[in-house]
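Undergrad: You'll find target23.cif just under this line, and it carries mmCIF, N, CA and C atoms.
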data_start
#
loop_
_atom_site.label_atom_id
_atom_site.label_comp_id
_atom_site.auth_asym_id
_atom_site.auth_seq_id
_atom_site.Cartn_x
_atom_site.Cartn_y
_atom_site.Cartn_z
N PHE A 1 0.83 -1.20 0.00
CA PHE A 1 0.00 0.00 0.00
C PHE A 1 0.87 1.25 0.00
N SER A 2 0.37 2.27 -0.62
CA SER A 2 1.07 3.55 -0.56
C SER A 2 0.74 4.25 0.75
N GLN A 3 1.43 5.30 1.04
CA GLN A 3 1.20 6.02 2.29
C GLN A 3 -0.20 6.63 2.32
N LEU A 4 -0.68 7.10 1.18
CA LEU A 4 -2.02 7.69 1.13
C LEU A 4 -3.07 6.62 1.41
N GLN A 5 -2.90 5.41 0.85
CA GLN A 5 -3.86 4.34 1.10
C GLN A 5 -3.84 3.94 2.57
N ARG A 6 -2.68 3.88 3.17
CA ARG A 6 -2.59 3.56 4.60
C ARG A 6 -3.28 4.62 5.44
N PHE A 7 -3.12 5.86 5.06
CA PHE A 7 -3.75 6.97 5.78
C PHE A 7 -5.27 6.85 5.69
N ILE A 8 -5.79 6.57 4.50
CA ILE A 8 -7.24 6.44 4.32
C ILE A 8 -7.77 5.26 5.11
N MET A 9 -7.04 4.14 5.10
CA MET A 9 -7.47 2.97 5.86
C MET A 9 -7.49 3.29 7.36
N ALA A 10 -6.51 4.03 7.85
CA ALA A 10 -6.50 4.41 9.26
C ALA A 10 -7.68 5.30 9.60
N LEU A 11 -8.04 6.22 8.69
CA LEU A 11 -9.21 7.07 8.92
C LEU A 11 -10.49 6.26 8.95
N MET A 12 -10.60 5.28 8.04
CA MET A 12 -11.81 4.44 8.02
C MET A 12 -11.92 3.63 9.30
N ASN A 13 -10.81 3.10 9.79
CA ASN A 13 -10.83 2.35 11.04
C ASN A 13 -11.15 3.26 12.22
N PHE A 14 -10.71 4.51 12.15
CA PHE A 14 -10.97 5.46 13.23
C PHE A 14 -12.46 5.79 13.31
N THR A 15 -13.12 5.95 12.16
CA THR A 15 -14.54 6.31 12.16
C THR A 15 -15.44 5.10 12.41
N ASN A 16 -14.97 3.89 12.20
CA ASN A 16 -15.79 2.70 12.37
C ASN A 16 -15.56 2.01 13.71
N THR A 17 -15.18 2.74 14.72
CA THR A 17 -14.93 2.13 16.02
C THR A 17 -16.25 1.70 16.65
N LYS A 18 -16.18 0.66 17.48
CA LYS A 18 -17.38 0.09 18.12
C LYS A 18 -17.84 0.92 19.31
N ASP A 19 -16.94 1.78 19.86
CA ASP A 19 -17.30 2.53 21.05
C ASP A 19 -18.04 3.82 20.73
N CYS A 20 -18.77 3.82 19.67
CA CYS A 20 -19.53 4.98 19.23
C CYS A 20 -20.91 4.94 19.90
N THR A 21 -20.93 4.86 21.21
CA THR A 21 -22.21 4.72 21.92
C THR A 21 -22.93 6.04 22.03
N LYS A 22 -22.19 7.10 22.14
CA LYS A 22 -22.83 8.42 22.26
C LYS A 22 -22.90 9.06 20.89
N GLN A 23 -23.95 9.77 20.65
CA GLN A 23 -24.15 10.43 19.35
C GLN A 23 -23.08 11.49 19.11
N ASN A 24 -22.69 12.24 20.14
CA ASN A 24 -21.70 13.30 20.00
C ASN A 24 -20.33 12.73 19.62
N ASN A 25 -19.98 11.57 20.19
CA ASN A 25 -18.70 10.94 19.90
C ASN A 25 -18.61 10.55 18.42
N CYS A 26 -19.68 9.98 17.87
CA CYS A 26 -19.70 9.59 16.46
C CYS A 26 -19.61 10.81 15.55
N LEU A 27 -20.32 11.86 15.92
CA LEU A 27 -20.29 13.09 15.12
C LEU A 27 -18.89 13.70 15.13
N TYR A 28 -18.24 13.71 16.31
CA TYR A 28 -16.89 14.24 16.43
C TYR A 28 -15.91 13.44 15.57
N GLN A 29 -15.99 12.11 15.64
CA GLN A 29 -15.09 11.27 14.87
C GLN A 29 -15.31 11.44 13.37
N THR A 30 -16.55 11.59 12.98
CA THR A 30 -16.85 11.80 11.56
C THR A 30 -16.30 13.13 11.07
N CYS A 31 -16.44 14.18 11.89
CA CYS A 31 -15.91 15.50 11.51
C CYS A 31 -14.40 15.46 11.40
N VAL A 32 -13.75 14.80 12.36
CA VAL A 32 -12.29 14.71 12.30
C VAL A 32 -11.86 13.97 11.05
N ALA A 33 -12.56 12.89 10.72
CA ALA A 33 -12.21 12.13 9.53
C ALA A 33 -12.42 12.95 8.26
N MET A 34 -13.48 13.73 8.21
CA MET A 34 -13.74 14.57 7.03
C MET A 34 -12.68 15.65 6.88
N ILE A 35 -12.29 16.26 8.00
CA ILE A 35 -11.25 17.30 7.94
C ILE A 35 -9.92 16.69 7.51
N ALA A 36 -9.61 15.53 8.08
CA ALA A 36 -8.36 14.87 7.69
C ALA A 36 -8.38 14.48 6.22
N GLY A 37 -9.50 14.00 5.73
CA GLY A 37 -9.61 13.66 4.31
C GLY A 37 -9.46 14.88 3.42
N ALA A 38 -10.08 16.00 3.83
CA ALA A 38 -9.96 17.23 3.05
C ALA A 38 -8.52 17.72 3.03
N LEU A 39 -7.83 17.64 4.17
CA LEU A 39 -6.42 18.03 4.20
C LEU A 39 -5.58 17.13 3.31
N GLY A 40 -5.87 15.85 3.33
CA GLY A 40 -5.15 14.92 2.46
C GLY A 40 -5.34 15.25 0.99
N LEU A 41 -6.58 15.58 0.61
CA LEU A 41 -6.83 15.96 -0.78
C LEU A 41 -6.12 17.27 -1.13
N CYS A 42 -6.08 18.22 -0.19
CA CYS A 42 -5.37 19.48 -0.44
C CYS A 42 -3.88 19.23 -0.64
N PHE A 43 -3.30 18.38 0.21
CA PHE A 43 -1.88 18.07 0.07
C PHE A 43 -1.59 17.37 -1.24
N ALA A 44 -2.47 16.44 -1.63
CA ALA A 44 -2.27 15.73 -2.89
C ALA A 44 -2.37 16.69 -4.07
N HIS A 45 -3.35 17.58 -4.04
CA HIS A 45 -3.51 18.56 -5.12
C HIS A 45 -2.31 19.48 -5.21
N THR A 46 -1.83 19.96 -4.05
CA THR A 46 -0.68 20.86 -4.03
C THR A 46 0.57 20.17 -4.57
N SER A 47 0.78 18.93 -4.17
CA SER A 47 1.98 18.23 -4.64
C SER A 47 1.92 17.98 -6.14
N MET A 48 0.74 17.65 -6.66
CA MET A 48 0.62 17.44 -8.11
C MET A 48 0.81 18.75 -8.87
N SER A 49 0.29 19.86 -8.31
CA SER A 49 0.47 21.16 -8.96
C SER A 49 1.94 21.57 -8.99
N LEU A 50 2.64 21.36 -7.87
CA LEU A 50 4.06 21.70 -7.84
C LEU A 50 4.86 20.82 -8.79
N PHE A 51 4.51 19.56 -8.87
CA PHE A 51 5.19 18.66 -9.79
C PHE A 51 4.99 19.12 -11.24
N ALA A 52 3.76 19.46 -11.59
CA ALA A 52 3.48 19.93 -12.95
C ALA A 52 4.22 21.23 -13.24
N SER A 53 4.28 22.12 -12.25
CA SER A 53 4.98 23.39 -12.44
C SER A 53 6.47 23.15 -12.67
N ASN A 54 7.06 22.27 -11.87
CA ASN A 54 8.49 21.98 -12.04
C ASN A 54 8.78 21.32 -13.38
N GLN A 55 7.90 20.44 -13.82
CA GLN A 55 8.08 19.81 -15.13
C GLN A 55 8.00 20.85 -16.24
N ASN A 56 7.08 21.80 -16.10
CA ASN A 56 6.93 22.86 -17.10
C ASN A 56 8.20 23.72 -17.16
N LYS A 57 8.76 24.06 -15.99
CA LYS A 57 10.01 24.84 -15.97
C LYS A 57 11.15 24.06 -16.61
N TYR A 58 11.22 22.78 -16.30
CA TYR A 58 12.26 21.94 -16.88
C TYR A 58 12.15 21.91 -18.40
N LEU A 59 10.93 21.73 -18.92
CA LEU A 59 10.75 21.68 -20.37
C LEU A 59 11.08 23.01 -21.04
N ARG A 60 10.72 24.13 -20.38
CA ARG A 60 11.06 25.44 -20.94
C ARG A 60 12.57 25.63 -21.00
N ASN A 61 13.28 25.25 -19.91
CA ASN A 61 14.74 25.38 -19.90
C ASN A 61 15.38 24.46 -20.93
N PHE A 62 14.85 23.26 -21.08
CA PHE A 62 15.36 22.33 -22.09
C PHE A 62 15.19 22.91 -23.48
N GLN A 63 14.04 23.51 -23.75
CA GLN A 63 13.80 24.12 -25.06
C GLN A 63 14.74 25.30 -25.30
N LYS A 64 14.99 26.10 -24.26
CA LYS A 64 15.94 27.22 -24.41
C LYS A 64 17.33 26.71 -24.74
N LEU A 65 17.75 25.63 -24.07
CA LEU A 65 19.06 25.06 -24.36
C LEU A 65 19.13 24.53 -25.79
N GLN A 66 18.07 23.91 -26.24
CA GLN A 66 18.06 23.41 -27.62
C GLN A 66 18.14 24.56 -28.62
N ASP A 67 17.41 25.64 -28.36
CA ASP A 67 17.47 26.81 -29.24
C ASP A 67 18.85 27.44 -29.22
N THR A 68 19.47 27.51 -28.03
CA THR A 68 20.81 28.06 -27.90
C THR A 68 21.81 27.22 -28.67
N LYS A 69 21.65 25.92 -28.61
CA LYS A 69 22.55 25.02 -29.31
C LYS A 69 22.49 25.26 -30.82
N LYS A 70 21.31 25.61 -31.33
CA LYS A 70 21.16 25.88 -32.76
C LYS A 70 21.85 27.18 -33.18
N THR A 71 21.84 28.19 -32.27
CA THR A 71 22.39 29.50 -32.64
C THR A 71 23.86 29.65 -32.28
N CYS A 72 24.41 28.74 -31.50
CA CYS A 72 25.81 28.84 -31.07
C CYS A 72 26.74 28.52 -32.24
N ARG A 73 27.77 29.35 -32.39
CA ARG A 73 28.76 29.14 -33.45
C ARG A 73 30.04 28.61 -32.85
N SER A 74 30.64 27.65 -33.50
CA SER A 74 31.93 27.11 -33.06
C SER A 74 33.03 27.80 -33.85
N VAL A 75 33.95 28.45 -33.13
CA VAL A 75 35.01 29.20 -33.79
C VAL A 75 36.36 28.81 -33.17
N THR A 76 37.43 29.09 -33.93
CA THR A 76 38.78 28.86 -33.41
C THR A 76 39.54 30.17 -33.24
N GLN A 77 39.13 31.22 -33.93
CA GLN A 77 39.77 32.52 -33.85
C GLN A 77 38.73 33.60 -33.60
N PRO A 78 39.07 34.63 -32.83
CA PRO A 78 38.14 35.76 -32.66
C PRO A 78 37.92 36.47 -33.98
N SER A 79 36.70 36.95 -34.16
CA SER A 79 36.36 37.65 -35.39
C SER A 79 35.34 38.74 -35.09
N PRO A 80 35.47 39.89 -35.74
CA PRO A 80 34.49 40.97 -35.52
C PRO A 80 33.08 40.58 -35.96
N THR A 81 32.96 39.63 -36.85
CA THR A 81 31.62 39.21 -37.29
C THR A 81 30.86 38.48 -36.19
N ASN A 82 31.56 37.96 -35.20
CA ASN A 82 30.91 37.24 -34.11
C ASN A 82 30.68 38.12 -32.88
N GLU A 83 30.84 39.43 -33.02
CA GLU A 83 30.66 40.34 -31.90
C GLU A 83 29.23 40.27 -31.39
N ASN A 84 29.07 40.15 -30.07
CA ASN A 84 27.77 40.06 -29.38
C ASN A 84 26.96 38.84 -29.79
N LYS A 85 27.62 37.79 -30.21
CA LYS A 85 26.96 36.54 -30.55
C LYS A 85 27.50 35.44 -29.65
N LEU A 86 26.73 34.39 -29.51
CA LEU A 86 27.13 33.26 -28.69
C LEU A 86 28.09 32.38 -29.48
N VAL A 87 29.30 32.21 -28.95
CA VAL A 87 30.31 31.41 -29.65
C VAL A 87 30.88 30.35 -28.70
N LEU A 88 31.35 29.28 -29.30
CA LEU A 88 32.03 28.21 -28.57
C LEU A 88 33.44 28.11 -29.11
N VAL A 89 34.41 28.28 -28.22
CA VAL A 89 35.80 28.19 -28.62
C VAL A 89 36.38 26.92 -28.00
N ALA A 90 36.86 26.04 -28.84
CA ALA A 90 37.47 24.80 -28.36
C ALA A 90 38.79 24.61 -29.09
N ASP A 91 39.85 24.44 -28.32
CA ASP A 91 41.16 24.27 -28.92
C ASP A 91 42.09 23.64 -27.89
N HIS A 92 43.23 23.17 -28.34
CA HIS A 92 44.22 22.60 -27.45
C HIS A 92 45.10 23.73 -26.93
N ILE A 93 45.25 23.81 -25.62
CA ILE A 93 46.06 24.86 -25.00
C ILE A 93 47.21 24.20 -24.25
N GLU A 94 48.40 24.77 -24.46
CA GLU A 94 49.56 24.24 -23.78
C GLU A 94 50.44 25.42 -23.34
N PRO A 95 50.87 25.44 -22.06
CA PRO A 95 51.72 26.56 -21.62
C PRO A 95 53.09 26.49 -22.28
N LYS A 96 53.70 27.65 -22.49
CA LYS A 96 55.01 27.71 -23.14
C LYS A 96 56.14 27.33 -22.21
N ASP A 97 56.05 27.75 -20.95
CA ASP A 97 57.14 27.51 -19.99
C ASP A 97 56.58 26.86 -18.73
N THR A 98 57.48 26.65 -17.79
CA THR A 98 57.08 26.14 -16.48
C THR A 98 56.25 27.21 -15.78
N VAL A 99 55.13 26.79 -15.18
CA VAL A 99 54.25 27.72 -14.48
C VAL A 99 54.74 27.83 -13.04
N THR A 100 54.95 29.07 -12.58
CA THR A 100 55.44 29.28 -11.21
C THR A 100 54.55 30.26 -10.48
N ASP A 101 54.51 30.08 -9.17
CA ASP A 101 53.81 31.00 -8.28
C ASP A 101 54.83 31.53 -7.29
N ASP A 102 55.18 32.81 -7.43
CA ASP A 102 56.22 33.40 -6.59
C ASP A 102 55.78 33.54 -5.13
N LEU A 103 54.51 33.73 -4.90
CA LEU A 103 54.02 33.92 -3.54
C LEU A 103 54.16 32.65 -2.71
N PHE A 104 53.78 31.51 -3.28
CA PHE A 104 53.82 30.24 -2.55
C PHE A 104 55.08 29.42 -2.84
N GLN A 105 55.93 29.92 -3.70
CA GLN A 105 57.18 29.25 -4.04
C GLN A 105 56.95 27.84 -4.59
N ILE A 106 55.97 27.71 -5.50
CA ILE A 106 55.73 26.41 -6.13
C ILE A 106 55.78 26.57 -7.64
N SER A 107 56.05 25.47 -8.30
CA SER A 107 56.06 25.51 -9.77
C SER A 107 55.54 24.19 -10.30
N ALA A 108 55.08 24.22 -11.54
CA ALA A 108 54.58 23.02 -12.20
C ALA A 108 55.23 22.94 -13.58
N PRO A 109 55.67 21.78 -14.00
CA PRO A 109 56.31 21.66 -15.31
C PRO A 109 55.33 21.90 -16.45
N LYS A 110 55.87 22.14 -17.59
CA LYS A 110 55.07 22.40 -18.79
C LYS A 110 54.11 21.24 -19.07
N SER A 111 54.52 20.01 -18.77
CA SER A 111 53.68 18.85 -19.06
C SER A 111 52.44 18.77 -18.17
N ALA A 112 52.41 19.54 -17.05
CA ALA A 112 51.26 19.50 -16.16
C ALA A 112 50.05 20.22 -16.78
N ALA A 113 50.30 21.04 -17.77
CA ALA A 113 49.24 21.75 -18.50
C ALA A 113 48.32 22.53 -17.56
N ILE A 114 48.92 23.38 -16.76
CA ILE A 114 48.14 24.22 -15.85
C ILE A 114 47.78 25.50 -16.60
N ILE A 115 46.52 25.81 -16.60
CA ILE A 115 46.03 27.00 -17.30
C ILE A 115 45.22 27.83 -16.30
N TYR A 116 45.39 29.12 -16.36
CA TYR A 116 44.65 30.04 -15.52
C TYR A 116 43.74 30.87 -16.41
N LEU A 117 42.46 30.85 -16.13
CA LEU A 117 41.50 31.65 -16.89
C LEU A 117 41.11 32.86 -16.05
N TYR A 118 41.06 34.00 -16.68
CA TYR A 118 40.75 35.24 -16.00
C TYR A 118 39.51 35.85 -16.65
N ARG A 119 38.54 36.19 -15.82
CA ARG A 119 37.32 36.81 -16.33
C ARG A 119 37.22 38.22 -15.78
N GLN A 120 37.03 39.18 -16.67
CA GLN A 120 36.91 40.56 -16.26
C GLN A 120 35.43 40.95 -16.30
N THR A 121 34.95 41.53 -15.23
CA THR A 121 33.56 41.96 -15.17
C THR A 121 33.49 43.43 -14.83
N GLU A 122 32.39 44.03 -15.20
CA GLU A 122 32.15 45.43 -14.89
C GLU A 122 30.84 45.53 -14.12
N THR A 123 30.84 46.34 -13.08
CA THR A 123 29.65 46.52 -12.27
C THR A 123 29.28 48.00 -12.30
N TYR A 124 28.00 48.25 -12.50
CA TYR A 124 27.51 49.62 -12.53
C TYR A 124 26.52 49.80 -11.40
N GLN A 125 26.53 51.00 -10.82
CA GLN A 125 25.60 51.32 -9.76
C GLN A 125 25.00 52.68 -10.08
N TRP A 126 23.73 52.85 -9.76
CA TRP A 126 23.08 54.13 -10.02
C TRP A 126 22.13 54.47 -8.89
N LYS A 127 21.77 55.75 -8.84
CA LYS A 127 20.84 56.25 -7.84
C LYS A 127 19.59 56.70 -8.56
N GLU A 128 18.44 56.28 -8.05
CA GLU A 128 17.17 56.63 -8.68
C GLU A 128 16.51 57.74 -7.89
N THR A 129 16.13 58.81 -8.59
CA THR A 129 15.33 59.87 -7.98
C THR A 129 14.03 59.96 -8.75
N GLN A 130 12.95 60.10 -8.02
CA GLN A 130 11.65 60.06 -8.67
C GLN A 130 10.85 61.29 -8.28
N SER A 131 10.29 61.94 -9.29
CA SER A 131 9.37 63.04 -9.05
C SER A 131 7.98 62.58 -9.52
N LYS A 132 7.07 63.46 -9.69
CA LYS A 132 5.67 63.10 -9.96
C LYS A 132 5.52 61.99 -11.01
N ASN A 133 5.92 62.22 -12.22
CA ASN A 133 5.75 61.22 -13.28
C ASN A 133 7.05 60.85 -13.94
N GLN A 134 8.18 61.18 -13.30
CA GLN A 134 9.47 60.96 -13.92
C GLN A 134 10.39 60.21 -12.96
N SER A 135 11.23 59.37 -13.57
CA SER A 135 12.29 58.73 -12.82
C SER A 135 13.61 59.13 -13.46
N LYS A 136 14.57 59.48 -12.64
CA LYS A 136 15.88 59.89 -13.14
C LYS A 136 16.93 59.00 -12.53
N TYR A 137 17.83 58.47 -13.37
CA TYR A 137 18.88 57.59 -12.91
C TYR A 137 20.23 58.30 -13.07
N THR A 138 20.97 58.37 -11.98
CA THR A 138 22.28 59.01 -11.98
C THR A 138 23.32 57.94 -11.69
N LYS A 139 24.30 57.84 -12.59
CA LYS A 139 25.36 56.85 -12.43
C LYS A 139 26.27 57.29 -11.28
N ILE A 140 26.57 56.35 -10.40
CA ILE A 140 27.43 56.66 -9.25
C ILE A 140 28.85 56.25 -9.54
#
For the structure just supplied, provide its representation as structure tokens.
TA:
Amino acid sequence: FSQLQRFIMALMNFTNTKDCTKQNNCLYQTCVAMIAGALGLCFAHTSMSLFASNQNKYLRNFQKLQDTKKTCRSVTQPSPTNENKLVLVADHIEPKDTVTDDLFQISAPKSAAIIYLYRQTETYQWKETQSKNQSKYTKI
């Protein structure tokens, strides 16, 4: 049995107890069982909705990757024609000399093929001032 089936069976056993001699006790047990059943249905609905939403996001991302794969260009040399376009550069890289680090006093031979990639980024910050129907942005 799944956990949901076990839960439903426990609720049915709870409402079908033999000690239901008083009318109020039976009504209370029935109300508790109905509330628990409603909560179970809400949880099941929520989990299915979240699952469907996650699947939809996954499919959208997969489609974006497929579209990107179609537009990506494979190049070996930089070219002005590829400016602001998505490119893939793949090539064999080999250092010319022994790689050394003066700070830590370590070195690696040319055959170790140690490569350091450096990425340069730029960050901009601005201040927004707003009047009645206008927004003004000032670069800081």
Undergrad: Quote the spacing between atom C of A:Ser2 and atom C of A:Ser53 in Å to one decimal place.
TA: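 Computing it gives 23.9 Å between the two atoms.
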Undergrad: How many Å separate atom CA of A:Leu86 from atom N of A:Lys69?
TA: 9.2 Å
Undergrad: Which residue, A:Asn84, A:Gln5, A:Met34, A:Pro109, has the smallest gap to A:Lys96 when you use only N, CA and C atoms?
TA: A:Pro109
Undergrad: Just list the residues in stretch 74-113 of chain A DSSP gives strand (DSSP E or B) on the backbone, as a list in words.
TA: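 The residues of stretch 74-113 of chain A classed as strand (DSSP E or B) are Ser74, Val75, Val87, Leu88, Val89, Val99, Thr100, Asp101, Ile106, Ser107 and Ala108 of chain A.
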Undergrad: Complete the atoms of stretch 91-102 of chain A to all heavy atoms and put them out as a CSV table (one decimal), in the coordinates of the input.
TA:
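Generated file (out_33.csv):
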chain,number,residue,atom,x,y,z
A,91,ASP,N,39.8,24.4,-28.3
A,91,ASP,CA,41.2,24.3,-28.9
A,91,ASP,C,42.1,23.6,-27.9
A,91,ASP,O,41.8,23.6,-26.7
A,91,ASP,CB,41.7,25.6,-29.4
A,91,ASP,CG,42.8,25.5,-30.4
A,91,ASP,OD1,43.1,24.3,-30.8
A,91,ASP,OD2,43.3,26.5,-30.9
A,92,HIS,N,43.2,23.2,-28.3
A,92,HIS,CA,44.2,22.6,-27.4
A,92,HIS,C,45.1,23.7,-26.9
A,92,HIS,O,45.6,24.5,-27.7
A,92,HIS,CB,45.1,21.6,-28.2
A,92,HIS,CG,46.1,21.0,-27.4
A,92,HIS,ND1,45.9,20.1,-26.4
A,92,HIS,CD2,47.5,21.1,-27.4
A,92,HIS,CE1,47.0,19.7,-25.8
A,92,HIS,NE2,48.0,20.3,-26.4
A,93,ILE,N,45.2,23.8,-25.6
A,93,ILE,CA,46.1,24.9,-25.0
A,93,ILE,C,47.2,24.2,-24.2
A,93,ILE,O,47.0,23.2,-23.5
A,93,ILE,CB,45.2,25.7,-24.0
A,93,ILE,CG1,44.0,26.3,-24.8
A,93,ILE,CG2,46.1,26.7,-23.3
A,93,ILE,CD1,43.1,27.1,-23.9
A,94,GLU,N,48.4,24.8,-24.5
A,94,GLU,CA,49.6,24.2,-23.8
A,94,GLU,C,50.4,25.4,-23.3
A,94,GLU,O,50.7,26.3,-24.1
A,94,GLU,CB,50.4,23.3,-24.7
A,94,GLU,CG,51.5,22.6,-24.1
A,94,GLU,CD,52.2,21.6,-25.0
A,94,GLU,OE1,51.4,20.9,-25.7
A,94,GLU,OE2,53.4,21.7,-25.1
A,95,PRO,N,50.9,25.4,-22.1
A,95,PRO,CA,51.7,26.6,-21.6
A,95,PRO,C,53.1,26.5,-22.3
A,95,PRO,O,53.6,25.4,-22.6
A,95,PRO,CB,51.8,26.3,-20.1
A,95,PRO,CG,51.4,24.9,-19.9
A,95,PRO,CD,50.5,24.5,-21.0
A,96,LYS,N,53.7,27.6,-22.5
A,96,LYS,CA,55.0,27.7,-23.1
A,96,LYS,C,56.1,27.3,-22.2
A,96,LYS,O,57.1,26.7,-22.6
A,96,LYS,CB,55.2,29.1,-23.7
A,96,LYS,CG,54.3,29.5,-24.8
A,96,LYS,CD,54.6,30.9,-25.3
A,96,LYS,CE,53.6,31.3,-26.3
A,96,LYS,NZ,53.8,32.7,-26.8
A,97,ASP,N,56.0,27.8,-21.0
A,97,ASP,CA,57.1,27.5,-20.0
A,97,ASP,C,56.6,26.9,-18.7
A,97,ASP,O,55.4,26.6,-18.6
A,97,ASP,CB,57.8,28.8,-19.6
A,97,ASP,CG,58.5,29.5,-20.8
A,97,ASP,OD1,59.0,28.8,-21.6
A,97,ASP,OD2,58.4,30.7,-20.9
A,98,THR,N,57.5,26.6,-17.8
A,98,THR,CA,57.1,26.1,-16.5
A,98,THR,C,56.2,27.2,-15.8
A,98,THR,O,56.6,28.4,-15.8
A,98,THR,CB,58.3,25.8,-15.6
A,98,THR,OG1,59.1,24.8,-16.3
A,98,THR,CG2,57.9,25.3,-14.3
A,99,VAL,N,55.1,26.8,-15.2
A,99,VAL,CA,54.2,27.7,-14.5
A,99,VAL,C,54.7,27.8,-13.0
A,99,VAL,O,54.9,26.8,-12.4
A,99,VAL,CB,52.8,27.2,-14.5
A,99,VAL,CG1,51.9,28.2,-13.8
A,99,VAL,CG2,52.3,27.0,-16.0
A,100,THR,N,55.0,29.1,-12.6
A,100,THR,CA,55.4,29.3,-11.2
A,100,THR,C,54.6,30.3,-10.5
A,100,THR,O,53.9,31.1,-11.1
A,100,THR,CB,56.9,29.8,-11.2
A,100,THR,OG1,56.9,31.1,-11.9
A,100,THR,CG2,57.8,28.9,-11.9
A,101,ASP,N,54.5,30.1,-9.2
A,101,ASP,CA,53.8,31.0,-8.3
A,101,ASP,C,54.8,31.5,-7.3
A,101,ASP,O,55.3,30.8,-6.4
A,101,ASP,CB,52.7,30.3,-7.6
A,101,ASP,CG,51.8,31.2,-6.8
A,101,ASP,OD1,52.3,32.3,-6.4
A,101,ASP,OD2,50.6,30.9,-6.5
A,102,ASP,N,55.2,32.8,-7.4
A,102,ASP,CA,56.2,33.4,-6.6
A,102,ASP,C,55.8,33.5,-5.1
A,102,ASP,O,56.6,33.4,-4.2
A,102,ASP,CB,56.6,34.8,-7.1
A,102,ASP,CG,57.2,34.7,-8.5
A,102,ASP,OD1,57.8,33.6,-8.8
A,102,ASP,OD2,57.1,35.6,-9.3
